[in-house]
$ cat upload_15.cif   # mmCIF, C-alpha atoms
data_protein
#
loop_
_atom_site.label_atom_id
_atom_site.label_comp_id
_atom_site.auth_asym_id
_atom_site.auth_seq_id
_atom_site.Cartn_x
_atom_site.Cartn_y
_atom_site.Cartn_z
CA MET A 20 123.17 -44.43 116.25
CA GLU A 21 123.09 -45.31 119.92
CA PHE A 22 120.92 -47.67 121.93
CA TRP A 23 119.67 -46.26 125.23
CA THR A 24 117.44 -47.85 127.86
CA ARG A 25 114.35 -45.94 128.87
CA GLN A 26 115.78 -45.23 132.31
CA GLN A 27 118.96 -43.80 130.80
CA ALA A 28 116.93 -41.60 128.51
CA ILE A 29 114.51 -40.42 131.19
CA THR A 30 117.41 -39.50 133.47
CA PHE A 31 119.13 -37.62 130.65
CA PHE A 32 116.20 -35.79 129.04
CA GLY A 33 113.47 -35.66 131.69
CA LYS A 34 110.38 -34.61 129.77
CA ARG A 35 112.30 -32.46 127.29
CA ILE A 36 111.28 -34.47 124.24
CA TYR A 37 109.92 -32.62 121.22
CA PRO A 38 107.96 -34.48 118.56
CA ILE A 39 108.63 -34.16 114.83
CA GLU A 40 105.29 -35.31 113.60
CA LYS A 41 104.20 -37.74 110.90
CA MET A 42 106.46 -39.36 108.32
CA THR A 43 109.99 -38.09 107.75
CA ILE A 44 112.44 -39.34 105.12
CA LEU A 45 115.92 -39.06 106.59
CA VAL A 46 118.63 -39.39 103.96
CA ASN A 47 122.00 -40.19 105.49
CA ASP A 48 123.91 -40.14 102.18
CA PRO A 49 126.62 -37.79 100.95
CA PRO A 50 125.62 -35.51 98.05
CA GLN A 51 127.86 -37.48 95.71
CA PHE A 52 125.01 -39.94 95.29
CA LEU A 53 122.18 -37.46 95.33
CA ASP A 54 123.21 -34.85 92.80
CA HIS A 55 122.60 -37.10 89.86
CA TYR A 56 119.08 -38.02 89.03
CA TYR A 57 119.94 -41.62 88.11
CA HIS A 58 120.87 -42.23 91.71
CA PHE A 59 118.13 -40.03 93.02
CA ALA A 60 115.24 -41.42 91.00
CA ALA A 61 116.30 -45.00 90.39
CA GLU A 62 117.69 -45.64 93.85
CA LEU A 63 116.50 -43.21 96.50
CA TRP A 64 113.03 -42.49 95.18
CA LEU A 65 112.29 -46.03 94.06
CA GLY A 66 113.44 -47.52 97.35
CA MET A 67 111.72 -44.80 99.36
CA TRP A 68 108.30 -45.65 97.99
CA ARG A 69 108.95 -49.38 98.06
CA MET A 70 109.50 -48.98 101.83
CA ILE A 71 106.81 -46.42 102.67
CA GLY A 72 104.14 -47.39 100.17
CA GLY A 73 105.03 -51.05 99.99
CA HIS A 74 105.02 -51.67 103.74
CA LEU A 75 102.30 -49.31 104.92
CA ASP A 76 99.77 -50.15 102.22
CA PRO A 77 99.97 -53.66 100.78
CA LYS A 78 96.74 -52.89 98.88
CA ILE A 79 97.86 -50.09 96.58
CA GLY A 80 95.43 -50.14 93.65
CA PRO A 81 96.10 -50.61 89.92
CA ARG A 82 95.90 -46.85 89.47
CA GLY A 83 98.11 -46.18 92.47
CA GLU A 84 95.28 -45.44 94.92
CA THR A 85 96.71 -45.58 98.41
CA SER A 86 95.85 -44.99 102.04
CA VAL A 87 99.36 -43.86 102.91
CA GLU A 88 99.71 -40.25 103.96
CA ASP A 89 102.38 -38.31 102.11
CA PRO A 90 105.68 -37.94 103.97
CA VAL A 91 105.75 -34.50 105.53
CA ARG A 92 109.45 -33.74 105.22
CA ILE A 93 112.65 -35.01 103.71
CA ILE A 94 115.95 -34.31 105.45
CA PHE A 95 119.22 -34.44 103.52
CA ALA A 96 121.37 -34.56 106.64
CA HIS A 97 124.69 -34.44 104.78
CA SER A 98 123.88 -32.21 101.82
CA ALA A 99 124.31 -28.49 102.13
CA ARG A 100 121.89 -26.07 100.50
CA GLY A 101 121.55 -27.10 96.86
CA GLN A 102 123.95 -30.03 96.96
CA TRP A 103 121.16 -32.59 96.67
CA ARG A 104 120.05 -31.07 93.36
CA ASP A 105 120.99 -32.44 89.94
CA LYS A 106 122.00 -30.26 87.02
CA ILE A 107 118.87 -30.83 84.98
CA GLY A 108 116.42 -30.24 87.81
CA TYR A 109 114.80 -33.66 87.88
CA ASN A 110 115.47 -34.29 91.58
CA GLN A 111 113.23 -31.51 92.77
CA TYR A 112 110.77 -32.31 90.01
CA PHE A 113 110.36 -35.88 91.28
CA VAL A 114 110.21 -34.81 94.92
CA HIS A 115 107.54 -32.15 94.49
CA ALA A 116 105.55 -33.84 91.75
CA THR A 117 105.22 -36.90 93.99
CA PHE A 118 104.60 -35.04 97.24
CA PRO A 119 103.57 -31.44 96.49
CA SER A 120 103.50 -30.42 100.17
CA ILE A 121 106.74 -32.01 101.32
CA GLY A 122 109.21 -29.79 103.19
CA ILE A 123 112.93 -30.04 102.56
CA GLU A 124 115.62 -29.70 105.22
CA THR A 125 119.35 -29.85 104.55
CA ALA A 126 122.58 -30.14 106.53
CA GLU A 127 122.27 -26.61 107.94
CA ASP A 128 118.91 -27.44 109.44
CA TRP A 129 120.16 -30.75 110.77
CA PHE A 130 123.04 -28.97 112.52
CA GLY A 131 120.66 -26.36 113.82
CA ARG A 132 118.37 -29.00 115.24
CA ALA A 133 121.37 -30.82 116.74
CA LEU A 134 122.59 -27.66 118.47
CA MET A 135 119.19 -26.89 119.88
CA THR A 136 119.26 -30.16 121.82
CA GLN A 137 122.56 -29.52 123.56
CA GLY A 138 122.50 -28.95 127.30
CA SER A 139 123.32 -30.50 130.62
CA PRO A 140 121.91 -33.93 131.34
CA GLY A 141 119.53 -34.39 134.26
CA ASP A 142 120.15 -36.81 137.11
CA GLU A 143 118.34 -39.73 138.59
CA GLU A 144 117.09 -38.02 141.77
CA ASP A 145 114.47 -35.88 140.08
CA ASN A 146 113.92 -38.01 136.95
CA GLY A 147 115.95 -35.67 134.80
CA GLU A 148 113.86 -32.59 135.61
CA GLY A 149 116.91 -30.50 136.53
CA GLY A 150 118.80 -30.87 133.24
CA SER A 151 118.53 -28.95 130.00
CA ALA A 152 119.51 -31.49 127.31
CA LYS A 153 116.69 -32.16 124.87
CA ALA A 154 115.81 -34.65 122.18
CA TRP A 155 113.70 -34.66 119.05
CA ARG A 156 111.36 -37.58 118.58
CA PHE A 157 110.49 -38.62 115.03
CA ASP A 158 106.97 -40.05 114.90
CA ARG A 159 107.86 -42.15 111.92
CA VAL A 160 111.04 -42.02 109.97
CA LEU A 161 112.48 -43.84 107.01
CA LEU A 162 116.23 -43.90 107.50
CA VAL A 163 118.02 -44.30 104.19
CA ASP A 164 121.70 -45.20 104.24
CA ARG A 165 123.61 -46.11 101.13
CA SER A 166 126.71 -47.47 102.87
CA ALA A 167 124.59 -49.69 105.11
CA ALA A 168 122.76 -51.04 102.07
CA PHE A 169 126.06 -52.05 100.49
CA ARG A 170 127.01 -54.06 103.58
CA ALA A 171 124.42 -56.73 102.81
CA PRO A 172 124.54 -59.06 99.80
CA THR A 173 121.32 -57.90 98.11
CA THR A 174 122.82 -54.56 97.25
CA GLY A 175 126.51 -55.15 97.86
CA HIS A 176 126.80 -58.37 95.90
CA TYR A 177 123.84 -58.99 93.61
CA THR A 178 122.19 -55.78 92.43
CA HIS A 179 124.67 -53.01 93.28
CA ARG A 180 121.62 -50.79 93.55
CA THR A 181 120.35 -49.66 96.94
CA ALA A 182 116.74 -49.95 95.88
CA GLY A 183 117.35 -53.70 95.53
CA SER A 184 117.37 -54.01 99.33
CA ALA A 185 114.15 -52.10 99.69
CA PHE A 186 112.60 -54.27 97.02
CA ILE A 187 113.59 -57.52 98.74
CA SER A 188 112.28 -56.33 102.11
CA ASN A 189 108.66 -56.86 101.11
CA ARG A 190 108.73 -58.94 97.96
CA ASP A 191 105.98 -61.23 99.29
CA THR A 192 103.67 -58.57 100.65
CA ALA A 193 103.90 -55.40 98.58
CA SER A 194 101.14 -54.62 96.12
CA PRO A 195 102.03 -55.46 92.50
CA TYR A 196 100.98 -51.88 91.69
CA TRP A 197 103.07 -50.25 94.40
CA TRP A 198 105.00 -48.01 91.99
CA GLU A 199 101.87 -46.72 90.22
CA THR A 200 101.31 -44.13 92.96
CA VAL A 201 104.56 -42.32 92.26
CA ARG A 202 104.59 -43.00 88.52
CA ARG A 203 101.15 -41.53 88.01
CA ARG A 204 101.70 -38.51 90.21
CA VAL A 205 104.88 -37.57 88.37
CA LEU A 206 103.50 -38.23 84.90
CA ARG A 207 100.22 -36.45 85.61
CA PHE A 208 102.26 -33.49 86.73
CA ALA A 209 104.05 -33.64 83.38
CA GLY A 210 100.70 -33.48 81.62
CA VAL A 211 100.43 -37.08 80.46
CA PRO A 212 96.76 -37.89 79.69
CA ASN A 213 94.95 -40.62 81.65
CA VAL A 214 94.65 -42.81 78.55
CA THR A 215 98.42 -43.05 78.32
CA LEU A 216 98.75 -43.66 82.05
CA ASP A 217 96.41 -46.62 81.71
CA TYR A 218 98.73 -48.31 79.19
CA ALA A 219 100.30 -49.89 82.25
CA ILE A 220 97.11 -51.82 83.00
CA GLY A 221 97.70 -54.53 80.45
CA ASP A 222 96.18 -57.41 82.37
CA PRO A 223 92.69 -58.23 80.99
CA ILE A 224 91.60 -59.61 84.38
CA VAL A 225 92.43 -56.32 86.08
CA GLN A 226 90.71 -54.45 83.28
CA LYS A 227 87.59 -56.47 83.91
CA GLN A 228 87.75 -55.71 87.64
CA LEU A 229 88.04 -52.03 86.89
CA GLU A 230 85.25 -52.29 84.31
CA ILE A 231 87.39 -50.82 81.59
CA ASN A 232 88.28 -52.22 78.22
CA LEU A 233 91.45 -50.74 76.85
CA PRO A 234 92.59 -51.14 73.26
CA LEU A 235 96.17 -52.35 72.85
CA PRO A 236 98.48 -49.38 73.25
CA PRO A 237 100.40 -48.32 70.15
CA ILE A 238 103.99 -49.55 70.00
CA VAL A 239 106.38 -46.64 70.20
CA ILE A 240 110.15 -47.06 69.89
CA SER A 241 112.12 -44.12 71.24
CA TYR A 242 115.72 -43.79 70.17
CA ILE A 243 117.31 -41.59 72.82
CA SER A 244 120.13 -40.04 70.87
CA ARG A 245 123.33 -38.85 72.48
CA GLN A 246 124.73 -37.37 69.28
CA GLY A 247 126.12 -33.98 70.07
CA TRP A 248 127.43 -35.17 73.44
CA ARG A 249 130.85 -36.43 74.36
CA ARG A 250 130.15 -40.14 74.51
CA ARG A 251 128.32 -40.87 71.29
CA LEU A 252 128.19 -43.03 68.18
CA VAL A 253 130.31 -42.39 65.09
CA GLU A 254 128.09 -40.28 62.85
CA GLU A 255 127.79 -42.93 60.08
CA ASP A 256 126.83 -45.60 62.58
CA HIS A 257 124.18 -43.33 64.01
CA ALA A 258 122.79 -42.75 60.50
CA LEU A 259 122.80 -46.46 59.72
CA LEU A 260 121.13 -47.35 62.98
CA LEU A 261 118.45 -44.76 62.42
CA LEU A 262 117.85 -46.08 58.90
CA SER A 263 117.52 -49.66 60.13
CA LEU A 264 115.14 -48.58 62.88
CA GLN A 265 113.01 -46.68 60.38
CA ASP A 266 112.95 -49.74 58.18
CA LEU A 267 111.96 -52.03 61.04
CA CYS A 268 109.24 -49.74 62.30
CA ARG A 269 107.78 -49.26 58.83
CA LYS A 270 107.54 -53.01 58.33
CA LYS A 271 105.99 -53.63 61.73
CA GLY A 272 103.75 -50.59 61.77
CA TRP A 273 105.42 -49.17 64.87
CA GLU A 274 106.06 -45.56 65.63
CA LEU A 275 109.66 -44.38 65.84
CA VAL A 276 110.67 -41.35 67.86
CA LEU A 277 114.13 -39.91 67.45
CA PHE A 278 114.56 -38.25 70.78
CA HIS A 279 117.14 -35.65 71.76
CA PRO A 280 116.24 -35.08 75.41
CA GLU A 281 118.10 -31.81 75.67
CA LYS A 282 115.77 -30.19 73.14
CA TYR A 283 112.70 -30.73 75.28
CA THR A 284 111.43 -29.43 78.61
CA LEU A 285 111.23 -31.82 81.53
CA ASP A 286 107.46 -32.08 81.03
CA GLU A 287 107.90 -33.02 77.37
CA GLN A 288 110.66 -35.53 78.09
CA LEU A 289 108.40 -37.34 80.53
CA GLN A 290 105.49 -37.24 78.09
CA ILE A 291 107.61 -39.00 75.47
CA ALA A 292 108.92 -41.51 78.01
CA ALA A 293 105.37 -42.29 79.13
CA ARG A 294 104.28 -43.02 75.56
CA SER A 295 107.26 -45.22 74.73
CA THR A 296 106.95 -48.97 74.68
CA VAL A 297 110.69 -49.28 74.31
CA GLY A 298 113.08 -46.44 74.95
CA PHE A 299 116.72 -47.17 74.40
CA LEU A 300 120.26 -46.36 73.69
CA ARG A 301 122.33 -44.49 76.11
CA LEU A 302 125.79 -44.97 74.75
CA ASN A 303 127.83 -44.51 77.84
CA SER A 304 128.86 -46.34 80.95
CA ARG A 305 125.50 -45.75 82.57
CA MET B 14 63.27 14.92 118.92
CA SER B 15 66.51 15.57 117.09
CA LEU B 16 66.99 15.42 113.34
CA GLY B 17 69.45 12.54 113.61
CA SER B 18 67.21 10.07 115.32
CA ARG B 19 64.36 10.76 112.88
CA TYR B 20 66.61 9.98 109.92
CA CYS B 21 68.10 6.88 111.53
CA ARG B 22 64.89 5.18 112.55
CA PRO B 23 64.31 2.30 110.07
CA THR B 24 61.03 2.32 108.18
CA ARG B 25 59.12 -0.79 107.12
CA ARG B 26 60.57 -0.41 103.64
CA ASP B 27 64.12 -0.41 105.04
CA LEU B 28 63.45 -3.59 106.97
CA PHE B 29 62.05 -5.22 103.85
CA VAL B 30 65.08 -4.25 101.77
CA ALA B 31 67.43 -5.48 104.49
CA CYS B 32 65.64 -8.85 104.70
CA VAL B 33 65.64 -9.36 100.95
CA SER B 34 69.32 -8.52 100.60
CA ALA B 35 70.26 -10.79 103.53
CA PHE B 36 68.33 -13.60 101.89
CA CYS B 37 70.05 -13.00 98.56
CA ALA B 38 73.41 -12.93 100.26
CA LEU B 39 72.65 -16.24 101.96
CA LEU B 40 71.73 -17.85 98.64
CA TRP B 41 74.80 -16.42 96.97
CA PHE B 42 77.26 -17.67 99.54
CA GLN B 43 75.61 -21.04 99.85
CA THR B 44 75.81 -21.77 96.16
CA SER B 45 79.32 -20.50 95.70
CA GLN B 46 80.49 -22.54 98.68
CA SER B 47 78.93 -25.74 97.45
CA HIS B 48 80.55 -25.18 94.07
CA GLN B 49 83.87 -24.92 95.78
CA PHE B 50 83.45 -28.17 97.64
CA ARG B 51 82.23 -29.98 94.59
CA GLY B 52 85.28 -28.78 92.72
CA ARG B 53 87.67 -29.99 95.37
CA ARG B 54 86.08 -33.38 95.78
CA ASP B 55 86.23 -33.98 92.08
CA GLU B 56 89.36 -35.99 91.56
CA ASP B 57 89.89 -34.70 88.05
CA ASN B 58 90.40 -31.24 89.46
CA TRP B 59 92.70 -32.55 92.13
CA PRO B 60 94.98 -34.69 90.14
CA HIS B 61 97.81 -35.62 92.46
CA HIS B 62 96.12 -37.91 94.85
CA GLY B 63 93.81 -40.81 94.61
CA SER B 64 91.33 -41.26 97.41
CA THR B 65 93.01 -41.22 100.79
CA ARG B 66 91.73 -43.30 103.61
CA GLN B 67 93.17 -43.07 107.08
CA ASN B 68 95.92 -45.57 107.57
CA PRO B 69 94.79 -48.18 110.07
CA LEU B 70 98.37 -49.05 110.98
CA ASP B 71 98.88 -45.66 112.60
CA THR B 72 96.60 -45.89 115.58
CA SER B 73 97.38 -49.44 116.63
CA ARG B 74 101.09 -48.77 116.71
CA ILE B 75 100.89 -45.55 118.65
CA ALA B 76 98.30 -46.94 121.05
CA GLY B 77 100.71 -49.77 121.85
CA GLY B 78 103.43 -47.27 122.62
CA LEU B 79 101.24 -45.20 124.90
CA ALA B 80 100.16 -48.15 127.01
CA GLY B 81 103.53 -48.37 128.75
CA GLY B 82 102.93 -45.87 131.61
CA ALA B 83 102.93 -42.13 132.10
CA MET B 84 106.45 -41.46 130.80
CA SER B 85 105.73 -43.13 127.50
CA MET B 86 103.47 -40.16 126.77
CA PHE B 87 106.67 -38.19 126.34
CA MET B 88 108.95 -41.01 125.42
CA PRO B 89 107.33 -43.90 123.59
CA SER B 90 109.81 -46.71 122.89
CA THR B 91 111.51 -46.94 119.53
CA THR B 92 110.25 -49.72 117.29
CA VAL B 93 111.40 -50.90 113.88
CA PHE B 94 108.48 -51.31 111.56
CA ALA B 95 110.29 -52.64 108.52
CA HIS B 96 113.92 -53.14 107.61
CA HIS B 97 116.35 -54.35 105.02
CA ALA B 98 119.97 -53.27 104.82
CA GLY B 99 120.12 -49.52 104.28
CA TRP B 100 116.38 -48.98 104.58
CA THR B 101 114.75 -48.83 108.00
CA LEU B 102 111.28 -47.62 108.94
CA PHE B 103 111.23 -46.56 112.59
CA GLU B 104 108.56 -45.34 114.89
CA ASN B 105 109.68 -43.01 117.66
CA LEU B 106 113.30 -42.64 116.76
CA TYR B 107 115.09 -39.91 118.72
CA MET B 108 117.80 -37.41 117.87
CA HIS B 109 120.07 -35.67 120.32
CA ASN B 110 123.03 -33.52 119.33
CA GLY B 111 123.07 -35.01 115.85
CA SER B 112 123.04 -38.64 117.03
CA LEU B 113 120.13 -40.93 116.39
CA LEU B 114 118.92 -42.69 119.53
CA VAL B 115 117.01 -45.92 119.80
CA ILE B 116 115.32 -45.71 123.20
CA SER B 117 113.99 -49.05 124.28
CA ASP B 118 114.11 -51.64 127.06
CA GLU B 119 114.11 -54.43 124.49
CA ASP B 120 117.37 -56.27 124.03
CA VAL B 121 119.66 -54.65 121.48
CA SER B 122 119.74 -57.95 119.61
CA SER B 123 116.03 -57.61 118.84
CA PHE B 124 116.89 -54.68 116.53
CA PRO B 125 118.62 -54.99 113.18
CA GLU B 126 122.40 -54.65 113.30
CA ARG B 127 123.48 -51.04 113.59
CA ARG B 128 125.87 -51.35 110.64
CA LEU B 129 122.96 -52.40 108.44
CA MET B 130 120.87 -49.40 109.47
CA THR B 131 123.32 -46.53 109.42
CA SER B 132 126.84 -45.32 108.72
CA THR B 133 128.78 -42.12 109.20
CA GLY B 134 127.02 -40.70 106.16
CA ARG B 135 130.40 -39.76 104.74
CA HIS B 136 132.12 -41.27 101.82
CA PRO B 137 135.88 -41.55 102.36
CA PRO B 138 137.05 -40.71 98.81
CA ASN B 139 134.88 -37.64 98.75
CA LEU B 140 136.91 -34.95 100.46
CA CYS B 141 134.34 -32.25 99.87
CA ASN B 142 131.85 -33.67 102.23
CA LEU B 143 133.37 -33.06 105.63
CA PRO B 144 134.83 -29.58 105.02
CA SER B 145 131.63 -28.34 103.44
CA ILE B 146 129.69 -29.25 106.52
CA LEU B 147 132.27 -27.67 108.79
CA LEU B 148 132.10 -24.56 106.69
CA ILE B 149 128.36 -24.28 106.93
CA TYR B 150 128.58 -24.96 110.60
CA LYS B 151 130.83 -21.96 111.01
CA HIS B 152 128.92 -19.69 108.67
CA VAL B 153 125.57 -20.38 110.13
CA LEU B 154 126.56 -20.30 113.75
CA ALA B 155 129.39 -17.83 114.00
CA GLY B 156 128.36 -15.53 111.17
CA LEU B 157 131.71 -15.77 109.42
CA PRO B 158 132.26 -13.77 106.23
CA ALA B 159 130.93 -15.45 103.13
CA ALA B 160 133.31 -17.30 100.84
CA ASP B 161 133.87 -14.41 98.45
CA GLU B 162 134.51 -11.84 101.15
CA PRO B 163 138.10 -10.86 101.97
CA GLY B 164 139.70 -12.40 104.99
CA ASN B 165 138.01 -15.74 104.65
CA SER B 166 140.71 -18.32 105.09
CA GLU B 167 138.23 -21.11 104.34
CA GLY B 168 137.76 -19.98 100.77
CA THR B 169 139.21 -23.19 99.41
CA PHE B 170 136.45 -25.22 100.99
CA SER B 171 133.67 -23.20 99.49
CA GLN B 172 135.44 -23.37 96.15
CA LEU B 173 135.25 -27.11 96.50
CA ILE B 174 131.54 -26.84 97.08
CA MET B 175 131.10 -24.57 94.11
CA TRP B 176 133.11 -26.95 92.01
CA ARG B 177 130.84 -29.77 93.06
CA ASN B 178 127.76 -27.81 92.16
CA THR B 179 128.79 -26.89 88.65
#

$ encode --input "upload_15.cif" --output "structure tokens"
Amino acid sequence: MEFWTRQQAITFFGKRIYPIEKMTILVNDPPQFLDHYYHFAAELWLGMWRMIGGHLDPKIGPRGETSVEDPVRIIFAHSARGQWRDKIGYNQYFVHATFPSIGIETAEDWFGRALMTQGSPGDEEDNGEGGSAKAWRFDRVLLVDRSAAFRAPTTGHYTHRTAGSAFISNRDTASPYWWETVRRRVLRFAGVPNVTLDYAIGDPIVQKQLEINLPLPPIVISYISRQGWRRRLVEEDHALLLLSLQDLCRKKGWELVLFHPEKYTLDEQLQIAARSTVGFLRLNSR
Amino acid sequence: MSLGSRYCRPTRRDLFVACVSAFCALLWFQTSQSHQFRGRRDEDNWPHHGSTRQNPLDTSRIAGGLAGGAMSMFMPSTTVFAHHAGWTLFENLYMHNGSLLVISDEDVSSFPERRLMTSTGRHPPNLCNLPSILLIYKHVLAGLPAADEPGNSEGTFSQLIMWRNT
């Protein structure tokens, strides 16, 4: 990134400035942190909407209603072709379920755009008219940079998650319902009924404002099992845990779901997640 | 009088039929159109988005940029709308030859530190990153043979990419 004065820029580019309209998400990260949906969803996507939704619309409603226009494109400037994708396919799922019309550009396109701007600079005598160098102008752009986030204490020292920085940036002004916009769009795409989506509106005062009266949602415990994968419980421990959970849930009248994610489609996985009060147990470093 | 003109001249009955069918067509298209609009306004049929109002922040910001003289039509100054380390919302950020440009007469110190906005975008331990981009660069621009074609000395790089993607 360079800082230029207006005079410098006018001399260099003349009037050869080409607008890239509306909101762009510019991701300056290497694919290493994009091709896994934990990073993608829990860092990039969470922080992205905390910045765009949180700053541009402090009045996001309890059901995620917002005045913010969808970002028009996302640019993965350092990821080639499919490198930004995860194995399961959740990355694209989140991107397009949240913003169905968003366009995706990758490193090839970024290089192409860069090359198109090359040319000879103009000079001061004719206000840059004589040159051929060009520039793109982003109307609005959210620049996301993982390394930069780690240089400040919020991410680098306290949370170790890039979304932490985005969260801190507007902790006093963002709507308490800021995440509902994305959450509902993704879960509606997955086919989750409105009743289940409204479980999130627990506050009786908000319910009164919305003129709804929701019964208490059922308590659903989802045991996300990793049996059959490399990092897993010893089989007897798994059996014992399951037995204890069944016991607990029977006593309390809760519903228990033994959940092997790999046996379900992405839609179904999200439907179960949306219904769960508590989902737990990933027995690995993550 | 030729045969043709006698057969082509419309009678009163023809006019009547034409009028009636035009009227029916009008009714038909009107109703079907209004159905369409009703369907699209109905939020249940259009599940992704809640109501969208125009964002009031848009116009004020851009109007401020345009007020700065004729050149700002083409080159409004860069402003930072919101920022915390690693996350920066800009208006009118520029790109030339792959570099991001902040174009502004404001003092550099009025912007967030550069190191908190951006980095090289590369991650030192990850060797795949740089070669893969070089490779694409060459493929796209010079039309080099693809990775699996004979005579491609860069095969190792694309193998690295393939390895990353599996």

$ closest_atom_pairs --input "upload_15.cif" --of "stretch 46-117 of chain A" --to "stretch 157-165 of chain A" --cutoff "9 Å" --atoms "all atoms listed in the file" --output "Markdown table"
| residue | atom | partner | partner_atom | distance |
| --- | --- | --- | --- | --- |
| A:Val46 | CA | A:Val163 | CA | 5.0 |
| A:Asn47 | CA | A:Asp164 | CA | 5.2 |
| A:Asp48 | CA | A:Asp164 | CA | 5.9 |
| A:Pro49 | CA | A:Arg165 | CA | 8.8 |
| A:Phe52 | CA | A:Arg165 | CA | 8.6 |
| A:Leu63 | CA | A:Val163 | CA | 7.9 |
| A:Gly66 | CA | A:Val163 | CA | 8.8 |
| A:Met67 | CA | A:Leu161 | CA | 7.7 |
| A:Met70 | CA | A:Leu161 | CA | 7.9 |
| A:Ile71 | CA | A:Leu161 | CA | 7.6 |

$ residues_around --input "upload_15.cif" --residues "stretch 102-111 of chain B" --least-positions-apart "3" --cutoff "8 Å" --atoms "all atoms listed in the file" --output "ChimeraX atom specification"
/A:70-71,129-130,132-137,153-162 /B:89-96,114-116

$ write_last_selection --input "upload_15.cif" --atoms "C-alpha atoms" --output "PDB file, in the coordinates of the input"
ATOM      1  CA  MET A  70     109.500 -48.980 101.830  1.00  0.00           C
ATOM      2  CA  ILE A  71     106.810 -46.420 102.670  1.00  0.00           C
ATOM      3  CA  TRP A 129     120.160 -30.750 110.770  1.00  0.00           C
ATOM      4  CA  PHE A 130     123.040 -28.970 112.520  1.00  0.00           C
ATOM      5  CA  ARG A 132     118.370 -29.000 115.240  1.00  0.00           C
ATOM      6  CA  ALA A 133     121.370 -30.820 116.740  1.00  0.00           C
ATOM      7  CA  LEU A 134     122.590 -27.660 118.470  1.00  0.00           C
ATOM      8  CA  MET A 135     119.190 -26.890 119.880  1.00  0.00           C
ATOM      9  CA  THR A 136     119.260 -30.160 121.820  1.00  0.00           C
ATOM     10  CA  GLN A 137     122.560 -29.520 123.560  1.00  0.00           C
ATOM     11  CA  LYS A 153     116.690 -32.160 124.870  1.00  0.00           C
ATOM     12  CA  ALA A 154     115.810 -34.650 122.180  1.00  0.00           C
ATOM     13  CA  TRP A 155     113.700 -34.660 119.050  1.00  0.00           C
ATOM     14  CA  ARG A 156     111.360 -37.580 118.580  1.00  0.00           C
ATOM     15  CA  PHE A 157     110.490 -38.620 115.030  1.00  0.00           C
ATOM     16  CA  ASP A 158     106.970 -40.050 114.900  1.00  0.00           C
ATOM     17  CA  ARG A 159     107.860 -42.150 111.920  1.00  0.00           C
ATOM     18  CA  VAL A 160     111.040 -42.020 109.970  1.00  0.00           C
ATOM     19  CA  LEU A 161     112.480 -43.840 107.010  1.00  0.00           C
ATOM     20  CA  LEU A 162     116.230 -43.900 107.500  1.00  0.00           C
TER      21      LEU A 162
ATOM     22  CA  PRO B  89     107.330 -43.900 123.590  1.00  0.00           C
ATOM     23  CA  SER B  90     109.810 -46.710 122.890  1.00  0.00           C
ATOM     24  CA  THR B  91     111.510 -46.940 119.530  1.00  0.00           C
ATOM     25  CA  THR B  92     110.250 -49.720 117.290  1.00  0.00           C
ATOM     26  CA  VAL B  93     111.400 -50.900 113.880  1.00  0.00           C
ATOM     27  CA  PHE B  94     108.480 -51.310 111.560  1.00  0.00           C
ATOM     28  CA  ALA B  95     110.290 -52.640 108.520  1.00  0.00           C
ATOM     29  CA  HIS B  96     113.920 -53.140 107.610  1.00  0.00           C
ATOM     30  CA  LEU B 114     118.920 -42.690 119.530  1.00  0.00           C
ATOM     31  CA  VAL B 115     117.010 -45.920 119.800  1.00  0.00           C
ATOM     32  CA  ILE B 116     115.320 -45.710 123.200  1.00  0.00           C
TER      33      ILE B 116
END

$ closest_residue --input "upload_15.cif" --among "A:Ala61, A:Val276, A:Ala96, A:Leu261" --to "A:Gly131" --atoms "all atoms listed in the file"
A:Ala96

$ resolve_selection --input "upload_15.cif" --expression "the PyMOL selection byres ((chain A and resi 54) around 8)" --output "number ranges by chain"
A: 50-53, 55-56, 58-59, 102-106, 110

$ atom_distance --input "upload_15.cif" --atom1 "atom CA of A:Asp286" --atom2 "atom CA of A:Gly108"
11.4 Å

$ atom_distance --input "upload_15.cif" --atom1 "atom CA of A:Asp142" --atom2 "atom CA of B:Ser117"
18.8 Å

$ resolve_selection --input "upload_15.cif" --expression "the PyMOL selection byres ((chain B and resi 98) around 10)" --output "ChimeraX atom specification"
/A:163-175,181,183-185,187-188 /B:96-97,99-101,125-131

$ closest_residue --input "upload_15.cif" --among "A:Thr43, A:Val205, A:Met20, A:Gln288" --to "A:Gln111" --atoms "only C-alpha atoms"
A:Val205

$ residues_around --input "upload_15.cif" --residues "A:Trp198" --least-positions-apart "5" --cutoff "8 Å" --atoms "only C-alpha atoms" --output "number ranges by chain"
A: 65, 68-69, 83

$ atom_distance --input "upload_15.cif" --atom1 "atom CA of A:Thr24" --atom2 "atom CA of B:Val121"
9.6 Å

$ residues_around --input "upload_15.cif" --residues "A:Leu264" --least-positions-apart "4" --cutoff "10 Å" --atoms "all atoms listed in the file" --output "ChimeraX atom specification"
/A:240-242,258-260,268-270,273-277

$ resolve_selection --input "upload_15.cif" --expression "the PyMOL selection byres ((chain A and resi 285) around 10)" --output "list in words"
Ile107, Gly108, Tyr109, Tyr112, Ala209, Pro280, Glu281, Lys282, Tyr283, Thr284, Asp286, Glu287, Gln288, Leu289 and Gln290 of chain A
